[in-house]
$ cat query.csv   # CSV, C-alpha atoms
chain,number,residue,atom,x,y,z
M,1,MET,CA,0.0,0.0,0.0
M,2,MET,CA,2.7,2.5,1.0
M,3,LYS,CA,4.8,1.6,-2.0
M,4,SER,CA,1.8,2.4,-4.3
M,5,ILE,CA,1.4,5.8,-2.6
M,6,ILE,CA,5.0,6.7,-2.9
M,7,ALA,CA,5.2,5.5,-6.5
M,8,GLY,CA,2.1,7.5,-7.3
M,9,ILE,CA,3.5,10.7,-5.8
M,10,LEU,CA,6.7,10.2,-7.7
M,11,GLY,CA,4.8,9.6,-10.9
M,12,VAL,CA,2.7,12.8,-10.4
M,13,LEU,CA,5.9,14.7,-9.7
M,14,GLY,CA,7.4,13.3,-12.9
M,15,ILE,CA,4.4,14.3,-15.0
M,16,LEU,CA,4.4,17.8,-13.5
M,17,CYS,CA,8.1,18.2,-14.3
M,18,PHE,CA,7.6,17.0,-17.8
M,19,LEU,CA,4.6,19.4,-18.4
M,20,TYR,CA,6.6,22.3,-16.9
M,21,GLY,CA,9.5,21.5,-19.2
M,22,ILE,CA,7.1,21.7,-22.2
M,23,MET,CA,5.9,25.0,-21.0
M,24,ILE,CA,9.4,26.4,-20.7
M,25,GLN,CA,10.3,25.0,-24.1
M,26,ALA,CA,7.2,26.7,-25.5
M,27,THR,CA,8.6,30.2,-24.6
M,28,ARG,CA,11.4,29.6,-27.1
M,29,SER,CA,13.8,31.3,-24.8
M,30,GLY,CA,16.8,30.0,-26.8
M,31,THR,CA,18.3,28.0,-24.0
M,32,LYS,CA,18.2,24.3,-23.3
M,33,PHE,CA,17.2,24.8,-19.6
M,34,PHE,CA,13.9,22.9,-20.2
M,35,LEU,CA,16.0,19.8,-20.5
M,36,VAL,CA,16.6,20.0,-16.7
M,37,TRP,CA,12.9,19.6,-16.2
M,38,PHE,CA,12.7,16.6,-18.6
M,39,GLY,CA,15.7,15.0,-16.7
M,40,MET,CA,13.9,15.5,-13.4
M,41,ALA,CA,10.7,14.0,-14.8
M,42,LEU,CA,12.7,11.0,-15.9
M,43,VAL,CA,14.3,10.6,-12.5
M,44,PHE,CA,11.0,10.8,-10.7
M,45,LEU,CA,9.3,8.4,-13.1
M,46,MET,CA,12.1,5.9,-12.9
M,47,MET,CA,12.1,6.0,-9.1
M,48,GLY,CA,8.4,5.6,-9.0
M,49,ILE,CA,8.5,2.6,-11.4
M,50,GLY,CA,11.4,1.1,-9.5
M,51,ILE,CA,9.5,1.3,-6.2
M,52,TYR,CA,6.2,0.1,-7.6
M,53,CYS,CA,7.8,-2.9,-9.4
M,54,GLY,CA,10.0,-3.9,-6.4
M,55,ILE,CA,13.3,-3.1,-8.1
M,56,TRP,CA,14.1,-0.6,-5.3
M,57,ASP,CA,14.1,-3.5,-2.7
M,58,LYS,CA,16.7,-5.4,-4.7
M,59,ILE,CA,19.3,-2.5,-4.7
M,60,PRO,CA,21.9,-2.9,-1.9
M,61,MET,CA,21.1,-0.8,1.2
M,62,VAL,CA,24.3,1.3,0.9
M,63,VAL,CA,23.5,2.3,-2.7
M,64,ARG,CA,19.8,3.1,-1.8
M,65,GLY,CA,21.1,5.3,1.1
M,66,GLY,CA,23.4,7.1,-1.3
M,67,ILE,CA,20.6,7.6,-3.8
M,68,LEU,CA,18.3,8.9,-1.1
M,69,LEU,CA,21.0,11.2,0.3
M,70,ILE,CA,21.7,12.7,-3.2
M,71,PHE,CA,17.9,13.0,-3.8
M,72,ALA,CA,17.4,14.7,-0.4
M,73,LEU,CA,20.2,17.1,-0.9
M,74,GLY,CA,18.9,18.0,-4.4
M,75,MET,CA,15.4,18.6,-3.1
M,76,THR,CA,16.6,20.6,-0.1
M,77,SER,CA,18.7,22.8,-2.4
M,78,PHE,CA,15.8,23.3,-4.8
M,79,ILE,CA,13.4,24.2,-1.9
M,80,ILE,CA,15.9,26.7,-0.4
M,81,VAL,CA,16.5,28.4,-3.8
M,82,GLU,CA,12.8,28.5,-4.7
M,83,GLY,CA,12.1,29.9,-1.2
M,84,CYS,CA,14.6,32.7,-1.7
M,85,ILE,CA,13.2,33.5,-5.1
M,86,ILE,CA,9.6,33.5,-3.9
M,87,SER,CA,10.4,35.6,-0.8
M,88,SER,CA,12.0,38.2,-3.0
M,89,LEU,CA,8.9,38.7,-5.1
M,90,ALA,CA,7.2,40.6,-2.2
M,91,THR,CA,10.0,43.2,-1.9
M,92,GLU,CA,8.9,46.8,-2.4
M,93,GLU,CA,10.6,48.8,-5.1
M,94,LYS,CA,12.3,52.0,-4.0
M,95,GLU,CA,11.6,55.3,-5.8
M,96,ASN,CA,14.2,57.6,-7.4
M,97,LEU,CA,17.1,55.2,-7.4
M,98,ASP,CA,20.3,56.5,-9.0
M,99,TYR,CA,20.6,53.4,-11.2
M,100,ILE,CA,18.8,50.2,-12.1
M,101,ILE,CA,20.5,47.2,-13.7
M,102,VAL,CA,18.6,44.9,-16.0
M,103,LEU,CA,20.1,41.5,-16.6
M,104,GLY,CA,20.1,40.1,-20.1
M,105,ALA,CA,18.5,37.0,-21.6
M,106,GLN,CA,18.1,35.6,-25.1
M,107,VAL,CA,17.8,37.9,-28.1
M,108,LYS,CA,16.8,36.8,-31.6
M,109,GLU,CA,17.0,38.4,-35.0
M,110,SER,CA,13.5,39.7,-34.5
M,111,GLY,CA,14.4,41.3,-31.1
M,112,PRO,CA,14.2,40.2,-27.5
M,113,SER,CA,12.8,36.8,-26.6
M,114,ILE,CA,9.5,36.5,-24.8
M,115,VAL,CA,11.4,36.0,-21.5
M,116,LEU,CA,13.4,39.1,-22.1
M,117,LYS,CA,10.4,41.2,-23.1
M,118,TYR,CA,8.8,40.3,-19.8
M,119,ARG,CA,12.0,41.3,-18.0
M,120,LEU,CA,12.0,44.6,-19.8
M,121,GLU,CA,8.4,45.6,-18.9
M,122,LYS,CA,9.3,46.4,-15.3
M,123,PRO,CA,12.1,48.9,-16.1
M,124,LEU,CA,9.8,50.6,-18.6
M,125,GLU,CA,7.2,51.1,-15.9
M,126,TYR,CA,9.9,52.2,-13.4
M,127,MET,CA,11.6,54.7,-15.7
M,128,ASN,CA,8.2,56.3,-16.6
M,129,GLU,CA,7.6,56.9,-12.9
M,130,ASN,CA,11.3,57.8,-12.1
M,131,PRO,CA,12.7,59.5,-15.1
M,132,LYS,CA,16.0,60.6,-13.4
M,133,THR,CA,17.0,57.1,-12.8
M,134,ILE,CA,19.7,55.7,-15.1
M,135,CYS,CA,18.9,52.3,-16.6
M,136,ILE,CA,21.9,50.0,-17.3
M,137,VAL,CA,21.3,47.0,-19.5
M,138,SER,CA,23.7,44.0,-19.5
M,139,GLY,CA,24.3,40.9,-21.4
M,140,GLY,CA,26.8,39.4,-23.9
M,141,GLN,CA,26.4,37.7,-27.2
M,142,GLY,CA,25.9,34.0,-27.3
M,143,TYR,CA,26.7,31.8,-30.2
M,144,ASN,CA,23.0,31.7,-31.2
M,145,GLU,CA,22.4,35.4,-30.9
M,146,PRO,CA,22.7,37.9,-33.8
M,147,TYR,CA,23.9,40.7,-31.5
M,148,SER,CA,24.6,41.3,-27.8
M,149,GLU,CA,21.7,41.1,-25.3
M,150,ALA,CA,22.6,44.6,-24.0
M,151,GLU,CA,22.4,46.0,-27.5
M,152,GLY,CA,19.1,44.3,-28.2
M,153,MET,CA,17.7,45.5,-24.8
M,154,ALA,CA,18.8,49.1,-25.4
M,155,LYS,CA,17.2,49.1,-28.8
M,156,TYR,CA,13.9,47.7,-27.5
M,157,LEU,CA,13.7,50.1,-24.6
M,158,ILE,CA,14.3,53.1,-26.9
M,159,GLU,CA,11.7,51.8,-29.3
M,160,GLN,CA,9.3,51.7,-26.4
M,161,GLY,CA,9.9,55.3,-25.6
M,162,MET,CA,12.7,55.3,-23.1
M,163,SER,CA,15.3,58.0,-23.7
M,164,SER,CA,18.9,56.9,-24.3
$ encode --input "query.csv" --output "structure tokens"
Amino acid sequence: MMKSIIAGILGVLGILCFLYGIMIQATRSGTKFFLVWFGMALVFLMMGIGIYCGIWDKIPMVVRGGILLIFALGMTSFIIVEGCIISSLATEEKENLDYIIVLGAQVKESGPSIVLKYRLEKPLEYMNENPKTICIVSGGQGYNEPYSEAEGMAKYLIEQGMSS
């Protein structure tokens, strides 16, 4: 009974990771980060199948302990990082800063990627409300980018009405 519940939970986690990977891939950000989510889906599904089919019980105790330790450390790290990210979402922005720095992301021949456009919306809002603040864009040029991220971001912000 307990094996079925654990296997079911791992199966659901695997499916959720797979679906999230598809959603990330659909943004066409230009990176291969979605593969991490597919990898996690595979690990969860394999663990679930292994537990459900009894394969887990046949693995030596020392190896199982090592696998569980690595899994626990990975999950703990993931939870801590996500907690830090989520807790930062509630921070209040300060008015009239001297500078703001916008980090780069994928640019394409047609302009900023969807992810980068989302990232550039906030500085546009902020600069409209705080016109004396200087906006610094950053980002290099990857092998699959027609020009540097900073150049693409600056061009986009100027097209949207921000002064240079």
$ atom_distance --input "query.csv" --atom1 "atom CA of Tyr147 of chain M" --atom2 "atom CA of Lys32 of chain M"
19.2 Å
$ atom_distance --input "query.csv" --atom1 "atom CA of Met2 of chain M" --atom2 "atom CA of Ala41 of chain M"
21.1 Å
$ atom_distance --input "query.csv" --atom1 "atom CA of Ile79 of chain M" --atom2 "atom CA of Gly65 of chain M"
20.6 Å
$ residues_around --input "query.csv" --residues "segment 117-121 of chain M" --least-positions-apart "4" --cutoff "8 Å" --atoms "all atoms listed in the file" --output "JSON, numbers by chain"
{"M": [102, 112, 113, 125, 153, 157]}
$ closest_residue --input "query.csv" --among "M:Met127, M:Ile49, M:Ala7, M:Leu16" --to "Glu95 of chain M" --atoms "only C-alpha atoms"
M:Met127
$ residues_around --input "query.csv" --residues "Tyr99 of chain M" --least-positions-apart "2" --cutoff "12 Å" --atoms "all atoms listed in the file" --output "ChimeraX atom specification"
/M:94-97,101-102,123,126-127,130-137
$ write_last_selection --input "query.csv" --atoms "C-alpha atoms" --output "short mmCIF file (atom, residue, chain, number, x, y, z; two decimals), in the coordinates of the input"
data_model
loop_
_atom_site.label_atom_id
_atom_site.label_comp_id
_atom_site.auth_asym_id
_atom_site.auth_seq_id
_atom_site.Cartn_x
_atom_site.Cartn_y
_atom_site.Cartn_z
CA LYS M 94 12.30 52.00 -4.00
CA GLU M 95 11.60 55.30 -5.80
CA ASN M 96 14.20 57.60 -7.40
CA LEU M 97 17.10 55.20 -7.40
CA ILE M 101 20.50 47.20 -13.70
CA VAL M 102 18.60 44.90 -16.00
CA PRO M 123 12.10 48.90 -16.10
CA TYR M 126 9.90 52.20 -13.40
CA MET M 127 11.60 54.70 -15.70
CA ASN M 130 11.30 57.80 -12.10
CA PRO M 131 12.70 59.50 -15.10
CA LYS M 132 16.00 60.60 -13.40
CA THR M 133 17.00 57.10 -12.80
CA ILE M 134 19.70 55.70 -15.10
CA CYS M 135 18.90 52.30 -16.60
CA ILE M 136 21.90 50.00 -17.30
CA VAL M 137 21.30 47.00 -19.50
#
$ residues_around --input "query.csv" --residues "Leu10 of chain M" --least-positions-apart "5" --cutoff "10 Å" --atoms "only C-alpha atoms" --output "list in words"
Ser4, Ile5, Ile15, Leu16, Ala41, Val43, Phe44, Leu45, Met46, Met47, Gly48, Ile49 and Ile51 of chain M
$ closest_residue --input "query.csv" --among "M:Gly8, M:Gly74, M:Gly140, M:Gly83" --to "Gly104 of chain M" --atoms "all atoms listed in the file"
M:Gly140
$ closest_residue --input "query.csv" --among "M:Leu13, M:Ala105, M:Ile80, M:Cys53" --to "Gly152 of chain M" --atoms "only C-alpha atoms"
M:Ala105
$ residues_around --input "query.csv" --residues "Met162 of chain M" --least-positions-apart "2" --cutoff "8 Å" --atoms "only C-alpha atoms" --output "MDAnalysis selection string"
chainID M and resid 124 127:128 157:160 164
$ build_atoms --input "query.csv" --residues "segment 59-70 of chain M" --atoms "all heavy atoms" --output "PDB file, in the frame of the given file"
ATOM      1  N   ILE M  59      18.042  -3.329  -4.670  1.00  0.00           N
ATOM      2  CA  ILE M  59      19.300  -2.500  -4.700  1.00  0.00           C
ATOM      3  C   ILE M  59      19.901  -2.611  -3.292  1.00  0.00           C
ATOM      4  O   ILE M  59      19.194  -2.505  -2.284  1.00  0.00           O
ATOM      5  CB  ILE M  59      18.961  -1.067  -5.059  1.00  0.00           C
ATOM      6  CG1 ILE M  59      18.369  -0.996  -6.473  1.00  0.00           C
ATOM      7  CG2 ILE M  59      20.193  -0.192  -4.949  1.00  0.00           C
ATOM      8  CD1 ILE M  59      17.887   0.383  -6.875  1.00  0.00           C
ATOM      9  N   PRO M  60      21.240  -2.797  -3.213  1.00  0.00           N
ATOM     10  CA  PRO M  60      21.900  -2.900  -1.900  1.00  0.00           C
ATOM     11  C   PRO M  60      21.589  -1.634  -1.042  1.00  0.00           C
ATOM     12  O   PRO M  60      21.467  -0.527  -1.551  1.00  0.00           O
ATOM     13  CB  PRO M  60      23.384  -2.955  -2.233  1.00  0.00           C
ATOM     14  CG  PRO M  60      23.435  -3.477  -3.632  1.00  0.00           C
ATOM     15  CD  PRO M  60      22.178  -2.982  -4.302  1.00  0.00           C
ATOM     16  N   MET M  61      21.480  -1.847   0.254  1.00  0.00           N
ATOM     17  CA  MET M  61      21.100  -0.800   1.200  1.00  0.00           C
ATOM     18  C   MET M  61      22.036   0.420   1.110  1.00  0.00           C
ATOM     19  O   MET M  61      21.581   1.552   1.181  1.00  0.00           O
ATOM     20  CB  MET M  61      21.090  -1.363   2.623  1.00  0.00           C
ATOM     21  CG  MET M  61      20.539  -0.403   3.631  1.00  0.00           C
ATOM     22  SD  MET M  61      18.816  -0.064   3.285  1.00  0.00           S
ATOM     23  CE  MET M  61      18.113  -0.472   4.826  1.00  0.00           C
ATOM     24  N   VAL M  62      23.332   0.181   0.953  1.00  0.00           N
ATOM     25  CA  VAL M  62      24.300   1.300   0.900  1.00  0.00           C
ATOM     26  C   VAL M  62      24.017   2.160  -0.351  1.00  0.00           C
ATOM     27  O   VAL M  62      24.042   3.389  -0.277  1.00  0.00           O
ATOM     28  CB  VAL M  62      25.753   0.741   0.844  1.00  0.00           C
ATOM     29  CG1 VAL M  62      26.752   1.854   0.626  1.00  0.00           C
ATOM     30  CG2 VAL M  62      26.069  -0.013   2.109  1.00  0.00           C
ATOM     31  N   VAL M  63      23.737   1.523  -1.475  1.00  0.00           N
ATOM     32  CA  VAL M  63      23.500   2.300  -2.700  1.00  0.00           C
ATOM     33  C   VAL M  63      22.138   3.031  -2.561  1.00  0.00           C
ATOM     34  O   VAL M  63      22.051   4.203  -2.944  1.00  0.00           O
ATOM     35  CB  VAL M  63      23.412   1.303  -3.927  1.00  0.00           C
ATOM     36  CG1 VAL M  63      23.017   2.037  -5.190  1.00  0.00           C
ATOM     37  CG2 VAL M  63      24.758   0.618  -4.102  1.00  0.00           C
ATOM     38  N   ARG M  64      21.123   2.391  -1.981  1.00  0.00           N
ATOM     39  CA  ARG M  64      19.800   3.100  -1.800  1.00  0.00           C
ATOM     40  C   ARG M  64      20.036   4.301  -0.866  1.00  0.00           C
ATOM     41  O   ARG M  64      19.474   5.359  -1.114  1.00  0.00           O
ATOM     42  CB  ARG M  64      18.821   2.140  -1.106  1.00  0.00           C
ATOM     43  CG  ARG M  64      18.165   1.207  -2.081  1.00  0.00           C
ATOM     44  CD  ARG M  64      16.995   0.512  -1.454  1.00  0.00           C
ATOM     45  NE  ARG M  64      17.477  -0.570  -0.595  1.00  0.00           N
ATOM     46  CZ  ARG M  64      16.720  -1.326   0.166  1.00  0.00           C
ATOM     47  NH1 ARG M  64      15.430  -1.107   0.238  1.00  0.00           N
ATOM     48  NH2 ARG M  64      17.230  -2.292   0.880  1.00  0.00           N
ATOM     49  N   GLY M  65      20.851   4.142   0.180  1.00  0.00           N
ATOM     50  CA  GLY M  65      21.100   5.300   1.100  1.00  0.00           C
ATOM     51  C   GLY M  65      21.797   6.412   0.340  1.00  0.00           C
ATOM     52  O   GLY M  65      21.464   7.583   0.543  1.00  0.00           O
ATOM     53  N   GLY M  66      22.750   6.074  -0.521  1.00  0.00           N
ATOM     54  CA  GLY M  66      23.400   7.100  -1.300  1.00  0.00           C
ATOM     55  C   GLY M  66      22.475   7.813  -2.256  1.00  0.00           C
ATOM     56  O   GLY M  66      22.509   9.040  -2.391  1.00  0.00           O
ATOM     57  N   ILE M  67      21.619   7.055  -2.917  1.00  0.00           N
ATOM     58  CA  ILE M  67      20.600   7.600  -3.800  1.00  0.00           C
ATOM     59  C   ILE M  67      19.686   8.564  -3.062  1.00  0.00           C
ATOM     60  O   ILE M  67      19.408   9.686  -3.500  1.00  0.00           O
ATOM     61  CB  ILE M  67      19.846   6.533  -4.570  1.00  0.00           C
ATOM     62  CG1 ILE M  67      20.758   5.794  -5.538  1.00  0.00           C
ATOM     63  CG2 ILE M  67      18.633   7.117  -5.301  1.00  0.00           C
ATOM     64  CD1 ILE M  67      20.156   4.539  -6.148  1.00  0.00           C
ATOM     65  N   LEU M  68      19.204   8.089  -1.913  1.00  0.00           N
ATOM     66  CA  LEU M  68      18.300   8.900  -1.100  1.00  0.00           C
ATOM     67  C   LEU M  68      18.981  10.169  -0.582  1.00  0.00           C
ATOM     68  O   LEU M  68      18.370  11.240  -0.536  1.00  0.00           O
ATOM     69  CB  LEU M  68      17.718   8.093   0.051  1.00  0.00           C
ATOM     70  CG  LEU M  68      16.688   7.043  -0.348  1.00  0.00           C
ATOM     71  CD1 LEU M  68      16.293   6.202   0.856  1.00  0.00           C
ATOM     72  CD2 LEU M  68      15.464   7.686  -0.980  1.00  0.00           C
ATOM     73  N   LEU M  69      20.269  10.058  -0.216  1.00  0.00           N
ATOM     74  CA  LEU M  69      21.000  11.200   0.300  1.00  0.00           C
ATOM     75  C   LEU M  69      21.147  12.269  -0.855  1.00  0.00           C
ATOM     76  O   LEU M  69      20.883  13.454  -0.640  1.00  0.00           O
ATOM     77  CB  LEU M  69      22.385  10.810   0.773  1.00  0.00           C
ATOM     78  CG  LEU M  69      23.280  11.948   1.259  1.00  0.00           C
ATOM     79  CD1 LEU M  69      22.663  12.629   2.474  1.00  0.00           C
ATOM     80  CD2 LEU M  69      24.677  11.437   1.583  1.00  0.00           C
ATOM     81  N   ILE M  70      21.535  11.821  -2.038  1.00  0.00           N
ATOM     82  CA  ILE M  70      21.700  12.700  -3.200  1.00  0.00           C
ATOM     83  C   ILE M  70      20.307  13.362  -3.506  1.00  0.00           C
ATOM     84  O   ILE M  70      20.195  14.567  -3.737  1.00  0.00           O
ATOM     85  CB  ILE M  70      22.253  12.006  -4.405  1.00  0.00           C
ATOM     86  CG1 ILE M  70      23.717  11.648  -4.134  1.00  0.00           C
ATOM     87  CG2 ILE M  70      22.134  12.847  -5.666  1.00  0.00           C
ATOM     88  CD1 ILE M  70      24.324  10.695  -5.144  1.00  0.00           C
TER      89      ILE M  70
END
